[in-house]
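Please read the structure below before turning to the comments.
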Amino acid sequence: MLDTLDAAAVRRWCASGLAALQRHQGEIDDLNVYPVPDGDTGTNLVLTLTSAHQALAMDLGTLPDDGHTPHGHALRLMARGALLGARGNSGVIVSQILRGFADVLAIAPAVRGRQLAAALAGAATAAYAAVAHPVEGTLLTVAAAAARAAEHLDSDDLPAVARAAAAGATRALARTPEQLPALARAGVVDAGGRGLCLLLDALVEVVTGEGPPPAAGPVPAARPPATAVRETGSSAYAYEVQYLLDATDEAVLRLRGALDALGDSLVIVGDGGPGHGTWNVHVHVNDVGAAIEAGVVAGRPHRITVTRFADQVATPAPAPVPGGRAAVVVATGAGIAELFAAEGATVVPANPSTGELLDAVRATGAARVVVLPNDPNTQSVASTAAKEAHGLGVKVSVVPTRSPVQALAALAVRDPKRRFEDDVIAMAEAAGACRYAEVCHASKEALTVAGPCRPGDVLALVEGEVHLIGADLLDTCTAVVDRMLGGGGELVTLLCGADAPGGLADRVREHVQRSWPFVEVQAYEGGQPHYPLLLGVE
């Protein structure tokens, strides 16, 4: 057994945690409560930890002498690697947990039980701090429970504290269905929380030399719901305000309260600097001036970005922005990638890491870059990459596109003659005005808002929610087009997937021409997996 956690033990922990996630990758993917075959929490955690493991391959002796201990250097490398490799919401949160862990232990002369408990508390705090309104029954809840269990033991015995933390996390994971109705209906536990339990079990294995006790598997889902709880901003707020802020911890604490009273979607993430650091501030508001003034009161805001989501009150005109511009777009499918490339965008494959997006931003050579994530799960990764790019002197704005058809609408209105900020506003407005739908086959039995579905049923999802369940692909495609055009529209965009039968787009086009003669139809071979048809209505 180990009395203290040294740099070699940190490396073994990362390797053991990665191996555990790889063994359980499919199981964690299956915990995603969604009836289409794209659950990827396990995959995202594996890729995030792979990046952390690769970062730890660096020779610690080559690092600068900045007062950090060898284990502190190792933990910071692990956290930094996880940040750059983070994929999806789960990967981003785990990278924040590792950063908080490293911040507490970076200069600790030895890591025994009480230091480990303090590090777990710092990890939970860092994860919660990134979200203005955390949802319980998630990865955050499991992290907090592990910290509480470790602190409650109040011991310097490193193996005992590690065991207590892992046990506390396991108990909290079992309770997640009681906290999230979606998990309860599905009969499963939180996927991200399951991944964190595996990482803590790996830590126990490293410090004790013994394998962790076998964990109870998740309760099988008979009829999982079609969607899980999601955190989204309200349409009541018309502007996104984002800036970097040099300020003290106390000032930022006051700023959180001020901005929380002004709007929603509040996220404030720091760089981990002691006492006085740099913070990335993001909020949706109606009063842009008040949001910026709150930053002035707190410290020194800079690299201020304002995005208007609706045409209400004009934003203050910023000074002309020097330097070139570029767009980075996330794409699934060869045909979709070609469409974006033809629009002059730099294309990144689906489910990118923070580092991959950051590399694409830097590769453009532009001083002003807009990023189109095209997937709700990639938005947190894009925001993290944007923060990293600001530190490199590149101004990045993320337009929160949720589908490739929204990105096509956004790229169509780009105008290099406009100021960058105005161009981003126009792109956001065009994306928001494009309603989107997806047609796919159910991969599992589920209870959706449109009724129960069985494997093989055809599902039509509008704005992420199941609206139609059918038996025939063409009939379901035409039905969802009719439903969307019933709310108005002048242009329909069709993207046919890799598994789409021949002639699907032509038959949908013929239906629109018969039923909606004044509506224009554009059809392309998208090549995306899982979804035979993606469509947008503008």
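Ordering of the structure tokens sets the chain letters (A, B, ...); residue numbers start at 1 within each chain; ligands are numbered from 1 in the order shown.
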
- Item | Sel. of helix (DSSP H, G or I) residues, stretch 41-94 of chain A, as a PyMOL selection string | chain A and resi 41-55+60-62+70-85+88-94

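Backbone DSSP over stretch 330-369 of chain A gives strand (DSSP E or B) for Val330, Ala331, Thr346, Val347, Val348, Pro349, Arg368 and Val369 of chain A.
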
Include all heavy atoms and write out the residues we just selected as a PDB file, in the first residue's frame.
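The result, stored in again.pdb:
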ATOM      1  N   VAL A 330     -17.860  21.679 -37.591  1.00  0.00           N
ATOM      2  CA  VAL A 330     -17.808  20.249 -37.277  1.00  0.00           C
ATOM      3  C   VAL A 330     -18.773  19.530 -38.211  1.00  0.00           C
ATOM      4  O   VAL A 330     -19.933  19.940 -38.350  1.00  0.00           O
ATOM      5  CB  VAL A 330     -18.189  19.997 -35.808  1.00  0.00           C
ATOM      6  CG1 VAL A 330     -18.149  18.508 -35.496  1.00  0.00           C
ATOM      7  CG2 VAL A 330     -17.247  20.753 -34.878  1.00  0.00           C
ATOM      8  N   ALA A 331     -18.310  18.456 -38.855  1.00  0.00           N
ATOM      9  CA  ALA A 331     -19.129  17.786 -39.867  1.00  0.00           C
ATOM     10  C   ALA A 331     -19.048  16.270 -39.719  1.00  0.00           C
ATOM     11  O   ALA A 331     -17.983  15.719 -39.451  1.00  0.00           O
ATOM     12  CB  ALA A 331     -18.684  18.186 -41.269  1.00  0.00           C
ATOM     13  N   THR A 346     -13.192  25.656 -42.682  1.00  0.00           N
ATOM     14  CA  THR A 346     -12.293  24.580 -42.272  1.00  0.00           C
ATOM     15  C   THR A 346     -13.134  23.519 -41.577  1.00  0.00           C
ATOM     16  O   THR A 346     -13.870  23.821 -40.640  1.00  0.00           O
ATOM     17  CB  THR A 346     -11.207  25.099 -41.314  1.00  0.00           C
ATOM     18  OG1 THR A 346     -10.418  26.075 -42.001  1.00  0.00           O
ATOM     19  CG2 THR A 346     -10.323  23.979 -40.815  1.00  0.00           C
ATOM     20  N   VAL A 347     -13.032  22.281 -42.028  1.00  0.00           N
ATOM     21  CA  VAL A 347     -13.906  21.209 -41.546  1.00  0.00           C
ATOM     22  C   VAL A 347     -13.156  20.327 -40.556  1.00  0.00           C
ATOM     23  O   VAL A 347     -12.017  19.917 -40.795  1.00  0.00           O
ATOM     24  CB  VAL A 347     -14.432  20.363 -42.720  1.00  0.00           C
ATOM     25  CG1 VAL A 347     -15.334  19.246 -42.214  1.00  0.00           C
ATOM     26  CG2 VAL A 347     -15.188  21.244 -43.715  1.00  0.00           C
ATOM     27  N   VAL A 348     -13.821  20.031 -39.435  1.00  0.00           N
ATOM     28  CA  VAL A 348     -13.293  19.138 -38.401  1.00  0.00           C
ATOM     29  C   VAL A 348     -14.233  17.946 -38.305  1.00  0.00           C
ATOM     30  O   VAL A 348     -15.451  18.118 -38.290  1.00  0.00           O
ATOM     31  CB  VAL A 348     -13.214  19.861 -37.039  1.00  0.00           C
ATOM     32  CG1 VAL A 348     -12.691  18.930 -35.954  1.00  0.00           C
ATOM     33  CG2 VAL A 348     -12.328  21.093 -37.147  1.00  0.00           C
ATOM     34  N   PRO A 349     -13.715  16.712 -38.235  1.00  0.00           N
ATOM     35  CA  PRO A 349     -14.591  15.538 -38.131  1.00  0.00           C
ATOM     36  C   PRO A 349     -15.447  15.574 -36.874  1.00  0.00           C
ATOM     37  O   PRO A 349     -15.135  16.264 -35.898  1.00  0.00           O
ATOM     38  CB  PRO A 349     -13.609  14.358 -38.097  1.00  0.00           C
ATOM     39  CG  PRO A 349     -12.369  14.879 -38.739  1.00  0.00           C
ATOM     40  CD  PRO A 349     -12.300  16.336 -38.372  1.00  0.00           C
ATOM     41  N   ARG A 368      -9.830  36.281 -36.338  1.00  0.00           N
ATOM     42  CA  ARG A 368     -11.228  36.223 -35.939  1.00  0.00           C
ATOM     43  C   ARG A 368     -11.828  34.956 -36.540  1.00  0.00           C
ATOM     44  O   ARG A 368     -11.828  34.779 -37.757  1.00  0.00           O
ATOM     45  CB  ARG A 368     -12.005  37.454 -36.435  1.00  0.00           C
ATOM     46  CG  ARG A 368     -11.416  38.785 -35.977  1.00  0.00           C
ATOM     47  CD  ARG A 368     -11.662  38.997 -34.489  1.00  0.00           C
ATOM     48  NE  ARG A 368     -11.192  40.297 -34.034  1.00  0.00           N
ATOM     49  CZ  ARG A 368      -9.985  40.509 -33.528  1.00  0.00           C
ATOM     50  NH1 ARG A 368      -9.108  39.508 -33.439  1.00  0.00           N
ATOM     51  NH2 ARG A 368      -9.628  41.716 -33.117  1.00  0.00           N
ATOM     52  N   VAL A 369     -12.347  34.088 -35.692  1.00  0.00           N
ATOM     53  CA  VAL A 369     -12.843  32.785 -36.160  1.00  0.00           C
ATOM     54  C   VAL A 369     -14.209  32.515 -35.541  1.00  0.00           C
ATOM     55  O   VAL A 369     -14.416  32.743 -34.347  1.00  0.00           O
ATOM     56  CB  VAL A 369     -11.874  31.643 -35.784  1.00  0.00           C
ATOM     57  CG1 VAL A 369     -12.412  30.301 -36.271  1.00  0.00           C
ATOM     58  CG2 VAL A 369     -10.482  31.898 -36.358  1.00  0.00           C
TER      59      VAL A 369
END

- Name the residues in contact with A:Val241 at a cut-off of 8 Å, using only C-alpha atoms, excluding same-chain residues fewer than 4 positions from it; report them as a PyMOL selection string. chain A and resi 281-285+288+291-292+304-307

Could you save the residues just selected, with N, CA and C atoms, as a PDB file, in the first residue's frame?
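What ended up in selection_21.pdb:
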ATOM      1  N   VAL A 281     -16.075  34.519 -18.876  1.00  0.00           N
ATOM      2  CA  VAL A 281     -17.433  34.820 -18.413  1.00  0.00           C
ATOM      3  C   VAL A 281     -18.391  34.708 -19.596  1.00  0.00           C
ATOM      4  N   HIS A 282     -19.478  33.981 -19.410  1.00  0.00           N
ATOM      5  CA  HIS A 282     -20.482  33.776 -20.462  1.00  0.00           C
ATOM      6  C   HIS A 282     -21.861  33.884 -19.835  1.00  0.00           C
ATOM      7  N   VAL A 283     -22.773  34.673 -20.446  1.00  0.00           N
ATOM      8  CA  VAL A 283     -24.132  34.810 -19.929  1.00  0.00           C
ATOM      9  C   VAL A 283     -25.063  35.248 -21.052  1.00  0.00           C
ATOM     10  N   HIS A 284     -26.336  34.862 -20.963  1.00  0.00           N
ATOM     11  CA  HIS A 284     -27.373  35.332 -21.883  1.00  0.00           C
ATOM     12  C   HIS A 284     -28.217  36.373 -21.146  1.00  0.00           C
ATOM     13  N   VAL A 285     -28.364  37.551 -21.735  1.00  0.00           N
ATOM     14  CA  VAL A 285     -29.065  38.654 -21.064  1.00  0.00           C
ATOM     15  C   VAL A 285     -29.857  39.459 -22.090  1.00  0.00           C
ATOM     16  N   VAL A 288     -27.264  44.244 -22.213  1.00  0.00           N
ATOM     17  CA  VAL A 288     -25.852  44.019 -22.516  1.00  0.00           C
ATOM     18  C   VAL A 288     -24.966  44.938 -21.677  1.00  0.00           C
ATOM     19  N   ALA A 291     -24.446  43.800 -18.115  1.00  0.00           N
ATOM     20  CA  ALA A 291     -23.574  42.629 -18.009  1.00  0.00           C
ATOM     21  C   ALA A 291     -22.102  43.018 -18.116  1.00  0.00           C
ATOM     22  N   ILE A 292     -21.814  43.979 -19.007  1.00  0.00           N
ATOM     23  CA  ILE A 292     -20.424  44.423 -19.159  1.00  0.00           C
ATOM     24  C   ILE A 292     -20.012  45.297 -17.981  1.00  0.00           C
ATOM     25  N   ILE A 304     -14.212  41.382 -25.289  1.00  0.00           N
ATOM     26  CA  ILE A 304     -15.669  41.329 -25.096  1.00  0.00           C
ATOM     27  C   ILE A 304     -16.343  40.951 -26.417  1.00  0.00           C
ATOM     28  N   THR A 305     -17.240  39.966 -26.358  1.00  0.00           N
ATOM     29  CA  THR A 305     -17.999  39.534 -27.526  1.00  0.00           C
ATOM     30  C   THR A 305     -19.480  39.594 -27.204  1.00  0.00           C
ATOM     31  N   VAL A 306     -20.266  40.209 -28.089  1.00  0.00           N
ATOM     32  CA  VAL A 306     -21.716  40.288 -27.927  1.00  0.00           C
ATOM     33  C   VAL A 306     -22.361  39.681 -29.167  1.00  0.00           C
ATOM     34  N   THR A 307     -23.245  38.691 -28.952  1.00  0.00           N
ATOM     35  CA  THR A 307     -23.977  38.066 -30.045  1.00  0.00           C
ATOM     36  C   THR A 307     -25.464  38.312 -29.840  1.00  0.00           C
TER      37      THR A 307
END

Residues within 10 Å of stretch 480-493 of chain A, please, as a compact mmCIF listing (two decimals) with N, CA and C atoms, in the first residue's frame. Count only C-alpha atoms; anything in the same chain fewer than 5 positions from it doesn't count.
# COMPACT_ATOMS: atom_id res chain seq x y z
N VAL A 405 -27.75 21.57 -41.12
CA VAL A 405 -28.57 22.46 -41.94
C VAL A 405 -28.58 23.87 -41.36
N GLN A 406 -28.47 24.02 -40.05
CA GLN A 406 -28.36 25.35 -39.45
C GLN A 406 -27.03 25.99 -39.81
N LEU A 408 -25.31 25.45 -42.57
CA LEU A 408 -25.40 25.89 -43.96
C LEU A 408 -26.13 27.22 -44.07
N ALA A 409 -27.19 27.38 -43.28
CA ALA A 409 -27.92 28.65 -43.28
C ALA A 409 -27.05 29.78 -42.76
N ALA A 433 -33.16 30.84 -37.24
CA ALA A 433 -34.38 30.86 -38.07
C ALA A 433 -34.57 29.58 -38.85
N CYS A 434 -33.59 28.71 -38.81
CA CYS A 434 -33.66 27.43 -39.54
C CYS A 434 -34.10 26.33 -38.58
N ARG A 435 -35.35 25.86 -38.74
CA ARG A 435 -35.80 24.73 -37.94
C ARG A 435 -35.26 23.44 -38.55
N TYR A 436 -34.91 22.48 -37.70
CA TYR A 436 -34.26 21.28 -38.22
C TYR A 436 -34.95 20.02 -37.71
N ALA A 437 -34.80 18.94 -38.47
CA ALA A 437 -35.36 17.64 -38.10
C ALA A 437 -34.40 16.54 -38.53
N GLU A 438 -34.56 15.39 -37.90
CA GLU A 438 -33.73 14.22 -38.19
C GLU A 438 -34.65 13.00 -38.29
N VAL A 439 -34.39 12.15 -39.26
CA VAL A 439 -35.15 10.91 -39.40
C VAL A 439 -34.18 9.75 -39.27
N LEU A 459 -38.19 7.01 -36.66
CA LEU A 459 -38.44 8.15 -35.78
C LEU A 459 -38.15 9.44 -36.53
N ALA A 460 -39.02 10.43 -36.35
CA ALA A 460 -38.77 11.78 -36.86
C ALA A 460 -38.62 12.70 -35.66
N LEU A 461 -37.44 13.26 -35.49
CA LEU A 461 -37.15 14.16 -34.38
C LEU A 461 -37.12 15.59 -34.90
N VAL A 462 -37.89 16.46 -34.29
CA VAL A 462 -37.90 17.88 -34.64
C VAL A 462 -37.29 18.66 -33.48
N HIS A 467 -41.22 13.51 -32.69
CA HIS A 467 -42.56 14.00 -33.02
C HIS A 467 -43.40 12.94 -33.73
N LEU A 468 -42.75 12.05 -34.48
CA LEU A 468 -43.49 11.06 -35.24
C LEU A 468 -42.82 9.70 -35.13
N ASP A 475 -42.75 7.55 -45.92
CA ASP A 475 -43.97 8.15 -45.35
C ASP A 475 -43.63 9.04 -44.15
N ALA A 505 -34.39 11.42 -51.71
CA ALA A 505 -34.49 12.88 -51.82
C ALA A 505 -35.42 13.28 -52.96
N VAL A 508 -39.05 12.81 -51.84
CA VAL A 508 -39.46 13.85 -50.89
C VAL A 508 -39.65 15.18 -51.63
N ARG A 509 -38.75 15.47 -52.59
CA ARG A 509 -38.87 16.70 -53.38
C ARG A 509 -40.19 16.71 -54.17
N HIS A 511 -42.93 15.20 -53.43
CA HIS A 511 -44.04 15.42 -52.50
C HIS A 511 -44.18 16.90 -52.17
N VAL A 512 -43.06 17.57 -51.92
CA VAL A 512 -43.12 18.99 -51.58
C VAL A 512 -43.66 19.79 -52.76
N SER A 515 -47.47 19.22 -52.82
CA SER A 515 -48.24 19.70 -51.66
C SER A 515 -47.93 21.15 -51.31
N TRP A 516 -46.71 21.60 -51.63
CA TRP A 516 -46.29 22.95 -51.25
C TRP A 516 -45.61 23.59 -52.47
N PHE A 518 -45.07 26.45 -53.68
CA PHE A 518 -44.29 27.69 -53.63
C PHE A 518 -43.04 27.54 -52.77
N VAL A 519 -42.73 26.32 -52.36
CA VAL A 519 -41.56 26.08 -51.51
C VAL A 519 -40.42 25.51 -52.36
N GLU A 520 -39.23 26.09 -52.19
CA GLU A 520 -38.04 25.62 -52.91
C GLU A 520 -37.40 24.48 -52.13
N VAL A 521 -36.84 23.50 -52.86
CA VAL A 521 -36.18 22.35 -52.24
C VAL A 521 -34.76 22.24 -52.76
N GLN A 522 -33.80 22.12 -51.82
CA GLN A 522 -32.40 21.85 -52.16
C GLN A 522 -32.02 20.52 -51.52
N ALA A 523 -31.46 19.60 -52.31
CA ALA A 523 -31.10 18.27 -51.81
C ALA A 523 -29.63 17.97 -52.09
N TYR A 524 -28.98 17.35 -51.12
CA TYR A 524 -27.56 17.01 -51.24
C TYR A 524 -27.32 15.62 -50.65
N LEU A 534 -31.56 14.29 -42.93
CA LEU A 534 -31.57 15.51 -42.12
C LEU A 534 -32.25 16.57 -42.96
N LEU A 535 -33.08 17.39 -42.34
CA LEU A 535 -33.75 18.42 -43.13
C LEU A 535 -33.87 19.71 -42.34
N GLY A 536 -33.86 20.81 -43.08
CA GLY A 536 -34.03 22.13 -42.49
C GLY A 536 -35.11 22.89 -43.22
N VAL A 537 -35.80 23.74 -42.49
CA VAL A 537 -36.85 24.58 -43.08
C VAL A 537 -36.57 26.02 -42.70
N GLU A 538 -36.48 26.88 -43.71
CA GLU A 538 -36.24 28.31 -43.48
C GLU A 538 -37.38 29.11 -44.10

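Close contacts of A:Val10, defined as residues with an atom at most 7 Å away when counting only C-alpha atoms, with chain neighbours fewer than 3 positions off set aside, comprise A:Leu5, A:Asp6, A:Ala7, A:Trp13, A:Cys14, A:His71, A:Ala74, A:Leu75.
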
- From the list A:Ala167, A:Val296, A:Leu158, A:Leu47, which residue is nearest A:Asp201 when using only C-alpha atoms?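 For A:Asp201, the nearest of the given residues is A:Ala167.
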
Show me, as a PDB file with all heavy atoms, in the first residue's frame, the residues that have an atom within 10 Å of A:Ala386 when counting only C-alpha atoms, minus same-chain residues fewer than 6 positions from it.
ATOM      1  N   ASN A 280     -13.157  33.207 -17.764  1.00  0.00           N
ATOM      2  CA  ASN A 280     -13.978  33.290 -18.968  1.00  0.00           C
ATOM      3  C   ASN A 280     -15.429  33.410 -18.521  1.00  0.00           C
ATOM      4  O   ASN A 280     -15.960  32.524 -17.846  1.00  0.00           O
ATOM      5  CB  ASN A 280     -13.794  32.043 -19.843  1.00  0.00           C
ATOM      6  CG  ASN A 280     -14.465  32.185 -21.195  1.00  0.00           C
ATOM      7  OD1 ASN A 280     -15.676  32.296 -21.275  1.00  0.00           O
ATOM      8  ND2 ASN A 280     -13.671  32.167 -22.242  1.00  0.00           N
ATOM      9  N   THR A 354     -11.211  19.130 -27.600  1.00  0.00           N
ATOM     10  CA  THR A 354     -10.879  20.552 -27.466  1.00  0.00           C
ATOM     11  C   THR A 354      -9.628  20.872 -28.265  1.00  0.00           C
ATOM     12  O   THR A 354      -9.553  21.887 -28.972  1.00  0.00           O
ATOM     13  CB  THR A 354     -10.661  20.903 -25.989  1.00  0.00           C
ATOM     14  OG1 THR A 354     -11.826  20.558 -25.250  1.00  0.00           O
ATOM     15  CG2 THR A 354     -10.377  22.389 -25.815  1.00  0.00           C
ATOM     16  N   LEU A 357     -10.233  21.006 -32.100  1.00  0.00           N
ATOM     17  CA  LEU A 357     -10.868  22.266 -32.508  1.00  0.00           C
ATOM     18  C   LEU A 357      -9.888  23.423 -32.414  1.00  0.00           C
ATOM     19  O   LEU A 357      -9.853  24.297 -33.291  1.00  0.00           O
ATOM     20  CB  LEU A 357     -12.089  22.540 -31.631  1.00  0.00           C
ATOM     21  CG  LEU A 357     -13.422  21.942 -32.068  1.00  0.00           C
ATOM     22  CD1 LEU A 357     -14.521  22.342 -31.098  1.00  0.00           C
ATOM     23  CD2 LEU A 357     -13.788  22.386 -33.478  1.00  0.00           C
ATOM     24  N   LEU A 358      -9.090  23.442 -31.342  1.00  0.00           N
ATOM     25  CA  LEU A 358      -8.116  24.516 -31.179  1.00  0.00           C
ATOM     26  C   LEU A 358      -7.085  24.484 -32.301  1.00  0.00           C
ATOM     27  O   LEU A 358      -6.703  25.537 -32.840  1.00  0.00           O
ATOM     28  CB  LEU A 358      -7.431  24.381 -29.817  1.00  0.00           C
ATOM     29  CG  LEU A 358      -6.467  25.489 -29.409  1.00  0.00           C
ATOM     30  CD1 LEU A 358      -7.187  26.826 -29.340  1.00  0.00           C
ATOM     31  CD2 LEU A 358      -5.828  25.164 -28.058  1.00  0.00           C
ATOM     32  N   VAL A 361      -8.649  25.973 -35.378  1.00  0.00           N
ATOM     33  CA  VAL A 361      -8.727  27.434 -35.278  1.00  0.00           C
ATOM     34  C   VAL A 361      -7.378  28.053 -35.599  1.00  0.00           C
ATOM     35  O   VAL A 361      -7.272  29.017 -36.376  1.00  0.00           O
ATOM     36  CB  VAL A 361      -9.205  27.849 -33.872  1.00  0.00           C
ATOM     37  CG1 VAL A 361      -9.011  29.340 -33.648  1.00  0.00           C
ATOM     38  CG2 VAL A 361     -10.669  27.471 -33.675  1.00  0.00           C
ATOM     39  N   VAL A 369     -12.347  34.088 -35.692  1.00  0.00           N
ATOM     40  CA  VAL A 369     -12.843  32.785 -36.160  1.00  0.00           C
ATOM     41  C   VAL A 369     -14.209  32.515 -35.541  1.00  0.00           C
ATOM     42  O   VAL A 369     -14.416  32.743 -34.347  1.00  0.00           O
ATOM     43  CB  VAL A 369     -11.874  31.643 -35.784  1.00  0.00           C
ATOM     44  CG1 VAL A 369     -12.412  30.301 -36.271  1.00  0.00           C
ATOM     45  CG2 VAL A 369     -10.482  31.898 -36.358  1.00  0.00           C
ATOM     46  N   VAL A 370     -15.143  32.044 -36.354  1.00  0.00           N
ATOM     47  CA  VAL A 370     -16.432  31.592 -35.856  1.00  0.00           C
ATOM     48  C   VAL A 370     -16.440  30.069 -35.908  1.00  0.00           C
ATOM     49  O   VAL A 370     -15.962  29.462 -36.864  1.00  0.00           O
ATOM     50  CB  VAL A 370     -17.595  32.183 -36.686  1.00  0.00           C
ATOM     51  CG1 VAL A 370     -17.536  31.729 -38.136  1.00  0.00           C
ATOM     52  CG2 VAL A 370     -18.927  31.812 -36.074  1.00  0.00           C
ATOM     53  N   VAL A 371     -16.953  29.428 -34.857  1.00  0.00           N
ATOM     54  CA  VAL A 371     -17.021  27.971 -34.773  1.00  0.00           C
ATOM     55  C   VAL A 371     -18.476  27.546 -34.778  1.00  0.00           C
ATOM     56  O   VAL A 371     -19.304  28.078 -34.034  1.00  0.00           O
ATOM     57  CB  VAL A 371     -16.319  27.452 -33.507  1.00  0.00           C
ATOM     58  CG1 VAL A 371     -16.486  25.941 -33.371  1.00  0.00           C
ATOM     59  CG2 VAL A 371     -14.834  27.800 -33.536  1.00  0.00           C
ATOM     60  N   SER A 380     -20.087  22.468 -25.580  1.00  0.00           N
ATOM     61  CA  SER A 380     -19.208  22.726 -24.438  1.00  0.00           C
ATOM     62  C   SER A 380     -17.750  22.584 -24.838  1.00  0.00           C
ATOM     63  O   SER A 380     -16.872  23.325 -24.362  1.00  0.00           O
ATOM     64  CB  SER A 380     -19.537  21.775 -23.288  1.00  0.00           C
ATOM     65  OG  SER A 380     -19.416  20.426 -23.704  1.00  0.00           O
ATOM     66  N   LEU A 392      -4.432  32.668 -26.844  1.00  0.00           N
ATOM     67  CA  LEU A 392      -3.440  32.708 -27.922  1.00  0.00           C
ATOM     68  C   LEU A 392      -3.601  33.947 -28.796  1.00  0.00           C
ATOM     69  O   LEU A 392      -2.930  34.080 -29.821  1.00  0.00           O
ATOM     70  CB  LEU A 392      -3.569  31.448 -28.792  1.00  0.00           C
ATOM     71  CG  LEU A 392      -3.355  30.111 -28.079  1.00  0.00           C
ATOM     72  CD1 LEU A 392      -3.666  28.957 -29.024  1.00  0.00           C
ATOM     73  CD2 LEU A 392      -1.921  30.004 -27.567  1.00  0.00           C
ATOM     74  N   VAL A 394      -6.447  34.857 -30.395  1.00  0.00           N
ATOM     75  CA  VAL A 394      -7.421  34.671 -31.472  1.00  0.00           C
ATOM     76  C   VAL A 394      -8.823  34.860 -30.890  1.00  0.00           C
ATOM     77  O   VAL A 394      -9.173  34.233 -29.896  1.00  0.00           O
ATOM     78  CB  VAL A 394      -7.309  33.272 -32.104  1.00  0.00           C
ATOM     79  CG1 VAL A 394      -8.312  33.123 -33.251  1.00  0.00           C
ATOM     80  CG2 VAL A 394      -5.889  33.031 -32.607  1.00  0.00           C
ATOM     81  N   LYS A 395      -9.611  35.718 -31.503  1.00  0.00           N
ATOM     82  CA  LYS A 395     -10.976  35.960 -31.043  1.00  0.00           C
ATOM     83  C   LYS A 395     -11.898  34.939 -31.688  1.00  0.00           C
ATOM     84  O   LYS A 395     -12.015  34.875 -32.914  1.00  0.00           O
ATOM     85  CB  LYS A 395     -11.422  37.374 -31.403  1.00  0.00           C
ATOM     86  CG  LYS A 395     -12.785  37.738 -30.849  1.00  0.00           C
ATOM     87  CD  LYS A 395     -13.091  39.198 -31.086  1.00  0.00           C
ATOM     88  CE  LYS A 395     -14.405  39.604 -30.407  1.00  0.00           C
ATOM     89  NZ  LYS A 395     -14.679  41.036 -30.582  1.00  0.00           N
ATOM     90  N   VAL A 396     -12.565  34.134 -30.866  1.00  0.00           N
ATOM     91  CA  VAL A 396     -13.420  33.062 -31.361  1.00  0.00           C
ATOM     92  C   VAL A 396     -14.836  33.259 -30.842  1.00  0.00           C
ATOM     93  O   VAL A 396     -15.044  33.490 -29.647  1.00  0.00           O
ATOM     94  CB  VAL A 396     -12.890  31.683 -30.924  1.00  0.00           C
ATOM     95  CG1 VAL A 396     -13.841  30.583 -31.369  1.00  0.00           C
ATOM     96  CG2 VAL A 396     -11.503  31.432 -31.506  1.00  0.00           C
ATOM     97  N   SER A 397     -15.802  33.175 -31.729  1.00  0.00           N
ATOM     98  CA  SER A 397     -17.212  33.197 -31.353  1.00  0.00           C
ATOM     99  C   SER A 397     -17.846  31.876 -31.763  1.00  0.00           C
ATOM    100  O   SER A 397     -17.622  31.392 -32.880  1.00  0.00           O
ATOM    101  CB  SER A 397     -17.953  34.345 -32.034  1.00  0.00           C
ATOM    102  OG  SER A 397     -17.555  35.592 -31.501  1.00  0.00           O
ATOM    103  N   VAL A 398     -18.612  31.288 -30.855  1.00  0.00           N
ATOM    104  CA  VAL A 398     -19.292  30.026 -31.123  1.00  0.00           C
ATOM    105  C   VAL A 398     -20.760  30.320 -31.428  1.00  0.00           C
ATOM    106  O   VAL A 398     -21.483  30.857 -30.591  1.00  0.00           O
ATOM    107  CB  VAL A 398     -19.186  29.068 -29.924  1.00  0.00           C
ATOM    108  CG1 VAL A 398     -19.927  27.761 -30.219  1.00  0.00           C
ATOM    109  CG2 VAL A 398     -17.723  28.792 -29.582  1.00  0.00           C
TER     110      VAL A 398
END

- If you measure from atom CA of A:Ala118 to atom CA of A:His133, what distance in Å do you get, rounded to one decimal?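 Between atom CA of A:Ala118 and atom CA of A:His133 the gap works out to 23.5 Å.
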
- Message: I'd like the neighbourhood of A:Ala366 as an MDAnalysis selection string, where a residue qualifies if any of its atoms comes within 6 Å (using only C-alpha atoms), though same-chain residues fewer than 4 positions away should be ignored.
- Response: chainID A and resid 324:326

Write the residues you've just listed into a file as a PDB file, in the first residue's frame, and include N, CA and C atoms for each of them.
ATOM      1  N   GLY A 324      -7.538  38.685 -40.541  1.00  0.00           N
ATOM      2  CA  GLY A 324      -8.418  37.862 -41.354  1.00  0.00           C
ATOM      3  C   GLY A 324      -9.475  37.158 -40.544  1.00  0.00           C
ATOM      4  N   ARG A 325     -10.436  36.563 -41.268  1.00  0.00           N
ATOM      5  CA  ARG A 325     -11.529  35.831 -40.646  1.00  0.00           C
ATOM      6  C   ARG A 325     -11.587  34.429 -41.208  1.00  0.00           C
ATOM      7  N   ALA A 326     -12.203  33.532 -40.440  1.00  0.00           N
ATOM      8  CA  ALA A 326     -12.363  32.161 -40.898  1.00  0.00           C
ATOM      9  C   ALA A 326     -13.521  31.525 -40.158  1.00  0.00           C
TER      10      ALA A 326
END
